[in-house]
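**Student:** Below is a structure I'd like to ask you about.
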Amino acid sequence: MRTTSHHNPKRQRGKLGAHAGWLLITVITFVGGSQLARPDSNGTSTVLSRIFGARVVQTSEYNPGDLATLSAASESTKVQPEGVREALPASESRDSSSKGKALSPLTEAEIEELAIAATKSTNPVERRKAFDRLLQEMQSDTFTTEQAMMMRSSLHENGADGEQWRAFDYAWGANDPEAALDYVNKIPEKYRNGYTSNMVPGLASVDPQMAIELVGTMEGRQNFHMTGRLIEGLVDHDVGYATDYVSGLVESGAHGATHHVRRLTDEVLSTAGLEHGVAWAEGLDSGQLQANALRGVAHDYANKDPHGAADWATQFVGQDQNSRLFGEVVREWGDVNAATEWVNSLEPSLAQRDALSAVYGFRGSQEPHEALQDIMNMPQSDNKDFALNGFISGLAHQDGEAAVAWAAEISSPGMRESAMVRAGQQFFQQDQQAASEWFNASGLPETTWNQVARPK
């Protein structure tokens, strides 16, 4: 597996990664054709006029549907939007936004004006522009912890929403990692988990080792959740680095490793796109990591192009470790007849049986009587067991009692017990008393009761 170098976080200061689309921090055109804050007696905001270097048009002068008005009002200060995860370094962003002239550091009064505009303006373009100016300041070489605290205070007082806090905390972690990390121990406890969850991806995007060490101090559910957030930031930092980290979780048998592989896969697909995501998964070393990554790719691929996904998947027929990706293709197909035709065309294999199970899972939820009749017409075989296994998964959400009864008909002992437990979980959610009575007579090991009755 590829080993990547650890980048110097100082050289990356200002890189936000623009995770999930909300980090276009040097973007939205800094123009004067909008009313960003409460006007003075002349209908303009003196503070915001200084910040953006242009007049602020009164509401009556601005047509919200005419973005050309915004562009024309201050063409000299216009900045073209940067792509997702492609924010310029701070120095380049400042030069671009002021044609070579760095913006002056924001004062406390300007920060308050921007926070008000970012949270209170009735115009979404104005809200975004004001908030992006705050984030842009965080890229500046002159940015201080005092400014960060002023911003946090003003945003809090004016009711910043969850998306804004996610962007702000990410940006702080990415642009001033030491101060952002230190604040974990200072923020009120009721806000600590939310803040840390937002900040960790930003921290990981510039100083992955620091972020890994922070998450390593956590335990239980908090560690599980924060590991997912950490992976998001590691992908922003470097896909190879993130892959190596998750590979280590798999090799060590870490709790929830399968979930973390899926999280990594989703992030890679989101960042690089399907074509590159497919190439990434195919290039992984054969094993559990690759098998789970390919399942994630199959899910996304089939959701976008089921026929293309089916053609792609056929290369894995005969590779038992990758058989479960065939079920992912079927479950995302949306056309049970086309999916069934494809499954029947596959060579007899574990892959075909897994896909058959998925077909009957769909039919069990949509047409249980017809599906059951077809299963009963099958000769006793592995195919029949797989069909029943899928069927009870689909049926259990509607009728847990019937599902546990049919699960008992599976001939393979391991599959039968697993199917009964899985159906029993749904039965327990629907009728706890009846499910308890069924379990006592089921012959299942007592140790499986906790799985049946576990809270959802």
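Convention: chains lettered A, B, ... in structure tokens order; per-chain residue numbering from 1; ligands numbered from 1 as shown.
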Which residues are close to range 419-431 of chain A, i.e. within 12 Å by only C-alpha atoms, leaving aside same-chain residues fewer than 6 positions away? Reply as a VMD selection string.
**Tutor:** chain A and resid 357 385 to 413 437 to 440 442 to 456
**Student:** Could you give me the residues within range 265-426 of chain A that DSSP places in helix (DSSP H, G or I), as an mmCIF file with N, CA and C atoms, in the first residue's frame?
**Tutor:**
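Ended up saving to out_24.cif:
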data_model
loop_
_atom_site.group_PDB
_atom_site.id
_atom_site.type_symbol
_atom_site.label_atom_id
_atom_site.label_comp_id
_atom_site.auth_asym_id
_atom_site.auth_seq_id
_atom_site.Cartn_x
_atom_site.Cartn_y
_atom_site.Cartn_z
ATOM 1 N N THR A 265 -14.462 5.309 2.173
ATOM 2 C CA THR A 265 -14.882 5.139 0.782
ATOM 3 C C THR A 265 -15.819 6.259 0.356
ATOM 4 N N ASP A 266 -16.771 6.579 1.207
ATOM 5 C CA ASP A 266 -17.706 7.665 0.897
ATOM 6 C C ASP A 266 -16.972 8.985 0.705
ATOM 7 N N GLU A 267 -15.980 9.242 1.565
ATOM 8 C CA GLU A 267 -15.223 10.489 1.470
ATOM 9 C C GLU A 267 -14.383 10.529 0.192
ATOM 10 N N VAL A 268 -13.764 9.414 -0.154
ATOM 11 C CA VAL A 268 -12.970 9.371 -1.379
ATOM 12 C C VAL A 268 -13.859 9.603 -2.599
ATOM 13 N N LEU A 269 -15.007 8.942 -2.627
ATOM 14 C CA LEU A 269 -15.927 9.122 -3.749
ATOM 15 C C LEU A 269 -16.418 10.561 -3.835
ATOM 16 N N SER A 270 -16.701 11.150 -2.681
ATOM 17 C CA SER A 270 -17.170 12.529 -2.655
ATOM 18 C C SER A 270 -16.089 13.488 -3.129
ATOM 19 N N THR A 271 -14.853 13.198 -2.749
ATOM 20 C CA THR A 271 -13.739 14.082 -3.087
ATOM 21 C C THR A 271 -13.263 13.895 -4.519
ATOM 22 N N ALA A 272 -13.035 12.648 -4.904
ATOM 23 C CA ALA A 272 -12.382 12.359 -6.175
ATOM 24 C C ALA A 272 -13.346 12.035 -7.303
ATOM 25 N N LEU A 274 -16.535 9.312 -8.911
ATOM 26 C CA LEU A 274 -16.714 7.873 -9.062
ATOM 27 C C LEU A 274 -15.562 7.221 -9.814
ATOM 28 N N GLU A 275 -15.147 7.799 -10.924
ATOM 29 C CA GLU A 275 -14.100 7.171 -11.736
ATOM 30 C C GLU A 275 -12.824 6.968 -10.928
ATOM 31 N N HIS A 276 -12.382 8.008 -10.247
ATOM 32 C CA HIS A 276 -11.157 7.899 -9.460
ATOM 33 C C HIS A 276 -11.390 7.047 -8.210
ATOM 34 N N GLY A 277 -12.605 7.084 -7.681
ATOM 35 C CA GLY A 277 -12.916 6.248 -6.527
ATOM 36 C C GLY A 277 -12.843 4.771 -6.871
ATOM 37 N N VAL A 278 -13.324 4.412 -8.064
ATOM 38 C CA VAL A 278 -13.240 3.023 -8.524
ATOM 39 C C VAL A 278 -11.777 2.606 -8.651
ATOM 40 N N ALA A 279 -10.971 3.461 -9.261
ATOM 41 C CA ALA A 279 -9.546 3.147 -9.440
ATOM 42 C C ALA A 279 -8.847 3.005 -8.090
ATOM 43 N N TRP A 280 -9.206 3.873 -7.136
ATOM 44 C CA TRP A 280 -8.615 3.791 -5.792
ATOM 45 C C TRP A 280 -8.939 2.453 -5.138
ATOM 46 N N ALA A 281 -10.199 2.045 -5.174
ATOM 47 C CA ALA A 281 -10.599 0.797 -4.518
ATOM 48 C C ALA A 281 -9.970 -0.415 -5.203
ATOM 49 N N GLU A 282 -9.943 -0.399 -6.526
ATOM 50 C CA GLU A 282 -9.348 -1.526 -7.240
ATOM 51 C C GLU A 282 -7.849 -1.628 -6.977
ATOM 52 N N GLN A 288 -9.660 -7.444 3.577
ATOM 53 C CA GLN A 288 -10.881 -6.892 4.141
ATOM 54 C C GLN A 288 -11.076 -5.433 3.774
ATOM 55 N N LEU A 289 -9.999 -4.663 3.786
ATOM 56 C CA LEU A 289 -10.108 -3.248 3.444
ATOM 57 C C LEU A 289 -10.643 -3.084 2.030
ATOM 58 N N GLN A 290 -10.056 -3.798 1.084
ATOM 59 C CA GLN A 290 -10.505 -3.666 -0.295
ATOM 60 C C GLN A 290 -11.931 -4.182 -0.472
ATOM 61 N N ALA A 291 -12.243 -5.306 0.170
ATOM 62 C CA ALA A 291 -13.583 -5.881 0.020
ATOM 63 C C ALA A 291 -14.654 -4.887 0.459
ATOM 64 N N ASN A 292 -14.444 -4.242 1.584
ATOM 65 C CA ASN A 292 -15.432 -3.279 2.081
ATOM 66 C C ASN A 292 -15.440 -2.000 1.254
ATOM 67 N N ALA A 293 -14.263 -1.615 0.753
ATOM 68 C CA ALA A 293 -14.212 -0.432 -0.104
ATOM 69 C C ALA A 293 -14.957 -0.692 -1.414
ATOM 70 N N LEU A 294 -14.756 -1.867 -1.986
ATOM 71 C CA LEU A 294 -15.456 -2.204 -3.230
ATOM 72 C C LEU A 294 -16.966 -2.260 -3.024
ATOM 73 N N ARG A 295 -17.407 -2.722 -1.867
ATOM 74 C CA ARG A 295 -18.845 -2.705 -1.572
ATOM 75 C C ARG A 295 -19.377 -1.281 -1.573
ATOM 76 N N GLY A 296 -18.620 -0.381 -0.952
ATOM 77 C CA GLY A 296 -19.045 1.015 -0.933
ATOM 78 C C GLY A 296 -19.087 1.616 -2.324
ATOM 79 N N VAL A 297 -18.093 1.299 -3.128
ATOM 80 C CA VAL A 297 -18.068 1.780 -4.502
ATOM 81 C C VAL A 297 -19.253 1.218 -5.288
ATOM 82 N N ALA A 298 -19.530 -0.083 -5.114
ATOM 83 C CA ALA A 298 -20.646 -0.711 -5.825
ATOM 84 C C ALA A 298 -21.966 -0.031 -5.478
ATOM 85 N N HIS A 299 -22.138 0.293 -4.215
ATOM 86 C CA HIS A 299 -23.355 0.973 -3.763
ATOM 87 C C HIS A 299 -23.526 2.304 -4.486
ATOM 88 N N ASP A 300 -22.461 3.106 -4.509
ATOM 89 C CA ASP A 300 -22.529 4.425 -5.135
ATOM 90 C C ASP A 300 -22.675 4.308 -6.653
ATOM 91 N N TYR A 301 -21.929 3.385 -7.240
ATOM 92 C CA TYR A 301 -21.951 3.180 -8.683
ATOM 93 C C TYR A 301 -23.358 2.771 -9.134
ATOM 94 N N ALA A 302 -23.943 1.787 -8.445
ATOM 95 C CA ALA A 302 -25.264 1.294 -8.839
ATOM 96 C C ALA A 302 -26.344 2.339 -8.641
ATOM 97 N N ASN A 303 -26.169 3.189 -7.656
ATOM 98 C CA ASN A 303 -27.131 4.268 -7.432
ATOM 99 C C ASN A 303 -27.158 5.236 -8.609
ATOM 100 N N LYS A 304 -25.988 5.428 -9.234
ATOM 101 C CA LYS A 304 -25.882 6.363 -10.364
ATOM 102 C C LYS A 304 -26.131 5.679 -11.710
ATOM 103 N N PRO A 306 -26.893 1.688 -12.627
ATOM 104 C CA PRO A 306 -26.951 0.266 -12.264
ATOM 105 C C PRO A 306 -26.433 -0.666 -13.357
ATOM 106 N N HIS A 307 -26.713 -0.357 -14.618
ATOM 107 C CA HIS A 307 -26.232 -1.224 -15.693
ATOM 108 C C HIS A 307 -24.707 -1.157 -15.789
ATOM 109 N N GLY A 308 -24.161 0.034 -15.663
ATOM 110 C CA GLY A 308 -22.709 0.175 -15.669
ATOM 111 C C GLY A 308 -22.081 -0.538 -14.480
ATOM 112 N N ALA A 309 -22.718 -0.425 -13.325
ATOM 113 C CA ALA A 309 -22.210 -1.092 -12.126
ATOM 114 C C ALA A 309 -22.245 -2.603 -12.285
ATOM 115 N N ALA A 310 -23.304 -3.103 -12.910
ATOM 116 C CA ALA A 310 -23.421 -4.547 -13.131
ATOM 117 C C ALA A 310 -22.306 -5.054 -14.035
ATOM 118 N N ASP A 311 -22.034 -4.314 -15.100
ATOM 119 C CA ASP A 311 -20.950 -4.709 -16.001
ATOM 120 C C ASP A 311 -19.611 -4.691 -15.274
ATOM 121 N N TRP A 312 -19.399 -3.664 -14.473
ATOM 122 C CA TRP A 312 -18.144 -3.546 -13.712
ATOM 123 C C TRP A 312 -18.009 -4.684 -12.714
ATOM 124 N N ALA A 313 -19.096 -5.042 -12.053
ATOM 125 C CA ALA A 313 -19.045 -6.034 -10.975
ATOM 126 C C ALA A 313 -18.682 -7.426 -11.467
ATOM 127 N N THR A 314 -19.005 -7.734 -12.724
ATOM 128 C CA THR A 314 -18.807 -9.106 -13.202
ATOM 129 C C THR A 314 -17.349 -9.548 -13.155
ATOM 130 N N GLN A 315 -16.427 -8.607 -13.130
ATOM 131 C CA GLN A 315 -15.016 -8.981 -13.044
ATOM 132 C C GLN A 315 -14.669 -9.652 -11.714
ATOM 133 N N PHE A 316 -15.554 -9.507 -10.720
ATOM 134 C CA PHE A 316 -15.278 -10.060 -9.401
ATOM 135 C C PHE A 316 -15.977 -11.406 -9.154
ATOM 136 N N ASP A 320 -14.568 -14.816 -3.811
ATOM 137 C CA ASP A 320 -15.526 -14.920 -2.715
ATOM 138 C C ASP A 320 -15.437 -13.758 -1.737
ATOM 139 N N GLN A 321 -14.230 -13.200 -1.542
ATOM 140 C CA GLN A 321 -14.095 -12.102 -0.587
ATOM 141 C C GLN A 321 -14.829 -10.842 -1.058
ATOM 142 N N ASN A 322 -15.133 -10.790 -2.363
ATOM 143 C CA ASN A 322 -15.841 -9.630 -2.916
ATOM 144 C C ASN A 322 -17.281 -9.941 -3.305
ATOM 145 N N ARG A 324 -20.026 -9.899 -1.705
ATOM 146 C CA ARG A 324 -21.118 -9.091 -1.152
ATOM 147 C C ARG A 324 -21.361 -7.805 -1.931
ATOM 148 N N LEU A 325 -20.439 -7.426 -2.783
ATOM 149 C CA LEU A 325 -20.693 -6.213 -3.566
ATOM 150 C C LEU A 325 -21.817 -6.433 -4.575
ATOM 151 N N PHE A 326 -22.074 -7.705 -4.943
ATOM 152 C CA PHE A 326 -23.147 -7.994 -5.902
ATOM 153 C C PHE A 326 -24.521 -7.679 -5.297
ATOM 154 N N GLY A 327 -24.660 -7.928 -4.024
ATOM 155 C CA GLY A 327 -25.900 -7.557 -3.349
ATOM 156 C C GLY A 327 -26.101 -6.058 -3.318
ATOM 157 N N GLU A 328 -24.998 -5.306 -3.183
ATOM 158 C CA GLU A 328 -25.089 -3.844 -3.186
ATOM 159 C C GLU A 328 -25.622 -3.346 -4.523
ATOM 160 N N VAL A 329 -25.165 -3.954 -5.603
ATOM 161 C CA VAL A 329 -25.641 -3.546 -6.928
ATOM 162 C C VAL A 329 -27.145 -3.779 -7.031
ATOM 163 N N VAL A 330 -27.602 -4.945 -6.599
ATOM 164 C CA VAL A 330 -29.027 -5.275 -6.690
ATOM 165 C C VAL A 330 -29.858 -4.320 -5.830
ATOM 166 N N ARG A 331 -29.418 -4.089 -4.609
ATOM 167 C CA ARG A 331 -30.220 -3.257 -3.690
ATOM 168 C C ARG A 331 -30.375 -1.821 -4.173
ATOM 169 N N VAL A 336 -36.430 -4.401 -10.093
ATOM 170 C CA VAL A 336 -36.214 -5.775 -9.645
ATOM 171 C C VAL A 336 -36.186 -6.754 -10.815
ATOM 172 N N ASN A 337 -36.921 -6.487 -11.865
ATOM 173 C CA ASN A 337 -36.930 -7.397 -13.009
ATOM 174 C C ASN A 337 -35.587 -7.381 -13.732
ATOM 175 N N ALA A 338 -35.047 -6.177 -13.945
ATOM 176 C CA ALA A 338 -33.738 -6.079 -14.602
ATOM 177 C C ALA A 338 -32.656 -6.682 -13.716
ATOM 178 N N ALA A 339 -32.760 -6.439 -12.410
ATOM 179 C CA ALA A 339 -31.777 -6.990 -11.485
ATOM 180 C C ALA A 339 -31.837 -8.513 -11.476
ATOM 181 N N THR A 340 -33.042 -9.060 -11.479
ATOM 182 C CA THR A 340 -33.204 -10.519 -11.472
ATOM 183 C C THR A 340 -32.631 -11.143 -12.741
ATOM 184 N N GLU A 341 -32.880 -10.494 -13.861
ATOM 185 C CA GLU A 341 -32.340 -10.995 -15.126
ATOM 186 C C GLU A 341 -30.816 -11.020 -15.093
ATOM 187 N N TRP A 342 -30.230 -9.966 -14.524
ATOM 188 C CA TRP A 342 -28.766 -9.917 -14.411
ATOM 189 C C TRP A 342 -28.242 -11.019 -13.492
ATOM 190 N N VAL A 343 -28.893 -11.195 -12.346
ATOM 191 C CA VAL A 343 -28.466 -12.220 -11.392
ATOM 192 C C VAL A 343 -28.511 -13.601 -12.040
ATOM 193 N N ASN A 344 -29.563 -13.880 -12.783
ATOM 194 C CA ASN A 344 -29.694 -15.189 -13.432
ATOM 195 C C ASN A 344 -28.633 -15.412 -14.516
ATOM 196 N N SER A 345 -28.073 -14.316 -15.031
ATOM 197 C CA SER A 345 -27.060 -14.437 -16.080
ATOM 198 C C SER A 345 -25.667 -14.708 -15.522
ATOM 199 N N LEU A 350 -20.693 -17.765 -5.274
ATOM 200 C CA LEU A 350 -21.126 -17.075 -4.057
ATOM 201 C C LEU A 350 -21.640 -15.684 -4.400
ATOM 202 N N ALA A 351 -21.026 -15.058 -5.392
ATOM 203 C CA ALA A 351 -21.473 -13.731 -5.834
ATOM 204 C C ALA A 351 -22.914 -13.788 -6.321
ATOM 205 N N GLN A 352 -23.239 -14.799 -7.131
ATOM 206 C CA GLN A 352 -24.602 -14.927 -7.631
ATOM 207 C C GLN A 352 -25.579 -15.159 -6.482
ATOM 208 N N ARG A 353 -25.190 -15.994 -5.522
ATOM 209 C CA ARG A 353 -26.095 -16.277 -4.405
ATOM 210 C C ARG A 353 -26.319 -15.044 -3.538
ATOM 211 N N ASP A 354 -25.266 -14.236 -3.338
ATOM 212 C CA ASP A 354 -25.440 -13.015 -2.555
ATOM 213 C C ASP A 354 -26.373 -12.048 -3.272
ATOM 214 N N ALA A 355 -26.225 -11.957 -4.588
ATOM 215 C CA ALA A 355 -27.113 -11.097 -5.371
ATOM 216 C C ALA A 355 -28.537 -11.636 -5.346
ATOM 217 N N LEU A 356 -28.692 -12.954 -5.395
ATOM 218 C CA LEU A 356 -30.018 -13.569 -5.315
ATOM 219 C C LEU A 356 -30.687 -13.234 -3.980
ATOM 220 N N SER A 357 -29.899 -13.250 -2.912
ATOM 221 C CA SER A 357 -30.418 -12.894 -1.598
ATOM 222 C C SER A 357 -30.955 -11.462 -1.596
ATOM 223 N N ALA A 358 -30.223 -10.570 -2.259
ATOM 224 C CA ALA A 358 -30.666 -9.180 -2.329
ATOM 225 C C ALA A 358 -31.954 -9.039 -3.131
ATOM 226 N N VAL A 359 -32.070 -9.800 -4.217
ATOM 227 C CA VAL A 359 -33.296 -9.775 -5.017
ATOM 228 C C VAL A 359 -34.498 -10.158 -4.162
ATOM 229 N N TYR A 360 -34.351 -11.237 -3.395
ATOM 230 C CA TYR A 360 -35.480 -11.691 -2.582
ATOM 231 C C TYR A 360 -35.688 -10.813 -1.346
ATOM 232 N N GLY A 361 -34.653 -10.076 -0.951
ATOM 233 C CA GLY A 361 -34.867 -9.081 0.091
ATOM 234 C C GLY A 361 -35.810 -8.000 -0.378
ATOM 235 N N PHE A 362 -35.610 -7.563 -1.621
ATOM 236 C CA PHE A 362 -36.504 -6.558 -2.207
ATOM 237 C C PHE A 362 -37.910 -7.126 -2.386
ATOM 238 N N ARG A 363 -37.989 -8.332 -2.929
ATOM 239 C CA ARG A 363 -39.291 -8.922 -3.167
ATOM 240 C C ARG A 363 -40.022 -9.226 -1.857
ATOM 241 N N GLY A 364 -39.262 -9.586 -0.810
ATOM 242 C CA GLY A 364 -39.882 -9.857 0.488
ATOM 243 C C GLY A 364 -40.551 -8.635 1.081
ATOM 244 N N SER A 365 -40.052 -7.470 0.743
ATOM 245 C CA SER A 365 -40.659 -6.240 1.257
ATOM 246 C C SER A 365 -41.772 -5.718 0.361
ATOM 247 N N GLN A 366 -41.748 -6.097 -0.938
ATOM 248 C CA GLN A 366 -42.700 -5.542 -1.890
ATOM 249 C C GLN A 366 -43.790 -6.526 -2.317
ATOM 250 N N PRO A 368 -44.328 -10.154 -0.925
ATOM 251 C CA PRO A 368 -43.926 -11.325 -0.132
ATOM 252 C C PRO A 368 -44.600 -12.639 -0.546
ATOM 253 N N HIS A 369 -45.857 -12.598 -0.902
ATOM 254 C CA HIS A 369 -46.562 -13.843 -1.238
ATOM 255 C C HIS A 369 -46.008 -14.460 -2.517
ATOM 256 N N GLU A 370 -45.809 -13.637 -3.546
ATOM 257 C CA GLU A 370 -45.258 -14.143 -4.801
ATOM 258 C C GLU A 370 -43.831 -14.633 -4.613
ATOM 259 N N ALA A 371 -43.035 -13.874 -3.829
ATOM 260 C CA ALA A 371 -41.642 -14.261 -3.585
ATOM 261 C C ALA A 371 -41.571 -15.591 -2.855
ATOM 262 N N LEU A 372 -42.426 -15.760 -1.862
ATOM 263 C CA LEU A 372 -42.413 -17.001 -1.082
ATOM 264 C C LEU A 372 -42.813 -18.191 -1.943
ATOM 265 N N GLN A 373 -43.763 -17.988 -2.830
ATOM 266 C CA GLN A 373 -44.177 -19.081 -3.715
ATOM 267 C C GLN A 373 -43.021 -19.532 -4.602
ATOM 268 N N ASP A 374 -42.250 -18.557 -5.119
ATOM 269 C CA ASP A 374 -41.100 -18.904 -5.956
ATOM 270 C C ASP A 374 -40.035 -19.653 -5.158
ATOM 271 N N ILE A 375 -39.837 -19.238 -3.905
ATOM 272 C CA ILE A 375 -38.840 -19.908 -3.061
ATOM 273 C C ILE A 375 -39.271 -21.344 -2.786
ATOM 274 N N MET A 376 -40.547 -21.549 -2.498
ATOM 275 C CA MET A 376 -41.040 -22.888 -2.197
ATOM 276 C C MET A 376 -40.919 -23.833 -3.399
ATOM 277 N N ASP A 382 -28.234 -24.403 -1.807
ATOM 278 C CA ASP A 382 -27.674 -23.160 -1.277
ATOM 279 C C ASP A 382 -28.447 -21.955 -1.797
ATOM 280 N N ASN A 383 -28.859 -22.027 -3.062
ATOM 281 C CA ASN A 383 -29.616 -20.912 -3.637
ATOM 282 C C ASN A 383 -30.913 -20.667 -2.859
ATOM 283 N N LYS A 384 -31.590 -21.738 -2.470
ATOM 284 C CA LYS A 384 -32.832 -21.594 -1.721
ATOM 285 C C LYS A 384 -32.556 -20.974 -0.361
ATOM 286 N N ASP A 385 -31.482 -21.408 0.306
ATOM 287 C CA ASP A 385 -31.129 -20.810 1.596
ATOM 288 C C ASP A 385 -30.850 -19.320 1.455
ATOM 289 N N PHE A 386 -30.100 -18.941 0.425
ATOM 290 C CA PHE A 386 -29.783 -17.525 0.223
ATOM 291 C C PHE A 386 -31.048 -16.737 -0.106
ATOM 292 N N ALA A 387 -31.939 -17.319 -0.892
ATOM 293 C CA ALA A 387 -33.191 -16.635 -1.215
ATOM 294 C C ALA A 387 -34.029 -16.420 0.040
ATOM 295 N N LEU A 388 -34.129 -17.458 0.872
ATOM 296 C CA LEU A 388 -34.857 -17.315 2.135
ATOM 297 C C LEU A 388 -34.207 -16.280 3.039
ATOM 298 N N ASN A 389 -32.890 -16.295 3.086
ATOM 299 C CA ASN A 389 -32.154 -15.351 3.936
ATOM 300 C C ASN A 389 -32.477 -13.907 3.551
ATOM 301 N N GLY A 390 -32.492 -13.648 2.242
ATOM 302 C CA GLY A 390 -32.849 -12.304 1.790
ATOM 303 C C GLY A 390 -34.318 -12.008 2.018
ATOM 304 N N PHE A 391 -35.155 -12.985 1.751
ATOM 305 C CA PHE A 391 -36.603 -12.813 1.884
ATOM 306 C C PHE A 391 -36.993 -12.387 3.295
ATOM 307 N N ILE A 392 -36.435 -13.050 4.304
ATOM 308 C CA ILE A 392 -36.838 -12.704 5.681
ATOM 309 C C ILE A 392 -36.338 -11.309 6.068
ATOM 310 N N SER A 393 -35.242 -10.864 5.474
ATOM 311 C CA SER A 393 -34.772 -9.502 5.763
ATOM 312 C C SER A 393 -35.767 -8.468 5.273
ATOM 313 N N GLY A 394 -36.328 -8.721 4.078
ATOM 314 C CA GLY A 394 -37.328 -7.798 3.551
ATOM 315 C C GLY A 394 -38.645 -7.900 4.279
ATOM 316 N N LEU A 395 -39.038 -9.124 4.646
ATOM 317 C CA LEU A 395 -40.329 -9.350 5.298
ATOM 318 C C LEU A 395 -40.349 -8.847 6.737
ATOM 319 N N ALA A 396 -39.221 -8.941 7.430
ATOM 320 C CA ALA A 396 -39.179 -8.676 8.871
ATOM 321 C C ALA A 396 -39.642 -7.275 9.230
ATOM 322 N N GLY A 400 -42.526 -9.277 11.667
ATOM 323 C CA GLY A 400 -41.431 -9.954 12.337
ATOM 324 C C GLY A 400 -41.768 -11.369 12.745
ATOM 325 N N GLU A 401 -43.015 -11.608 13.131
ATOM 326 C CA GLU A 401 -43.418 -12.936 13.571
ATOM 327 C C GLU A 401 -43.321 -13.943 12.423
ATOM 328 N N ALA A 402 -43.796 -13.566 11.251
ATOM 329 C CA ALA A 402 -43.700 -14.452 10.094
ATOM 330 C C ALA A 402 -42.240 -14.630 9.668
ATOM 331 N N ALA A 403 -41.457 -13.563 9.786
ATOM 332 C CA ALA A 403 -40.053 -13.621 9.370
ATOM 333 C C ALA A 403 -39.253 -14.615 10.197
ATOM 334 N N VAL A 404 -39.452 -14.614 11.524
ATOM 335 C CA VAL A 404 -38.690 -15.556 12.355
ATOM 336 C C VAL A 404 -39.103 -16.993 12.061
ATOM 337 N N ALA A 405 -40.360 -17.195 11.713
ATOM 338 C CA ALA A 405 -40.819 -18.547 11.383
ATOM 339 C C ALA A 405 -40.167 -19.046 10.103
ATOM 340 N N TRP A 406 -40.085 -18.204 9.088
ATOM 341 C CA TRP A 406 -39.470 -18.628 7.832
ATOM 342 C C TRP A 406 -37.953 -18.716 7.954
ATOM 343 N N ALA A 407 -37.359 -17.907 8.817
ATOM 344 C CA ALA A 407 -35.906 -17.999 9.021
ATOM 345 C C ALA A 407 -35.515 -19.369 9.541
ATOM 346 N N PRO A 413 -26.975 -24.175 9.255
ATOM 347 C CA PRO A 413 -27.099 -23.778 10.672
ATOM 348 C C PRO A 413 -26.636 -22.358 10.965
ATOM 349 N N GLY A 414 -25.467 -21.981 10.457
ATOM 350 C CA GLY A 414 -24.958 -20.637 10.735
ATOM 351 C C GLY A 414 -25.829 -19.557 10.149
ATOM 352 N N MET A 415 -26.242 -19.740 8.904
ATOM 353 C CA MET A 415 -27.105 -18.765 8.256
ATOM 354 C C MET A 415 -28.464 -18.715 8.939
ATOM 355 N N ARG A 416 -28.969 -19.892 9.350
ATOM 356 C CA ARG A 416 -30.274 -19.942 10.009
ATOM 357 C C ARG A 416 -30.255 -19.136 11.308
ATOM 358 N N GLU A 417 -29.247 -19.357 12.137
ATOM 359 C CA GLU A 417 -29.188 -18.629 13.412
ATOM 360 C C GLU A 417 -29.063 -17.135 13.184
ATOM 361 N N SER A 418 -28.211 -16.744 12.253
ATOM 362 C CA SER A 418 -28.032 -15.321 11.960
ATOM 363 C C SER A 418 -29.331 -14.694 11.475
ATOM 364 N N ALA A 419 -30.054 -15.412 10.595
ATOM 365 C CA ALA A 419 -31.309 -14.889 10.060
ATOM 366 C C ALA A 419 -32.379 -14.793 11.145
ATOM 367 N N MET A 420 -32.429 -15.787 12.042
ATOM 368 C CA MET A 420 -33.410 -15.749 13.125
ATOM 369 C C MET A 420 -33.147 -14.578 14.067
ATOM 370 N N VAL A 421 -31.885 -14.341 14.386
ATOM 371 C CA VAL A 421 -31.541 -13.208 15.248
ATOM 372 C C VAL A 421 -31.912 -11.897 14.566
ATOM 373 N N ARG A 422 -31.566 -11.781 13.275
ATOM 374 C CA ARG A 422 -31.857 -10.550 12.542
ATOM 375 C C ARG A 422 -33.356 -10.294 12.462
ATOM 376 N N ALA A 423 -34.126 -11.335 12.157
ATOM 377 C CA ALA A 423 -35.581 -11.180 12.114
ATOM 378 C C ALA A 423 -36.132 -10.938 13.511
ATOM 379 N N GLY A 424 -35.523 -11.582 14.508
ATOM 380 C CA GLY A 424 -35.976 -11.402 15.882
ATOM 381 C C GLY A 424 -35.832 -9.976 16.373
ATOM 382 N N GLN A 425 -34.826 -9.281 15.893
ATOM 383 C CA GLN A 425 -34.653 -7.875 16.277
ATOM 384 C C GLN A 425 -35.849 -7.046 15.838
ATOM 385 N N GLN A 426 -36.307 -7.276 14.619
ATOM 386 C CA GLN A 426 -37.481 -6.552 14.137
ATOM 387 C C GLN A 426 -38.738 -6.977 14.893
#
**Student:** Figure out the distance between CA of Asp132 in chain A and CA of Ser154 in chain A, please, to one decimal in Å.
**Tutor:** 14.9 Å
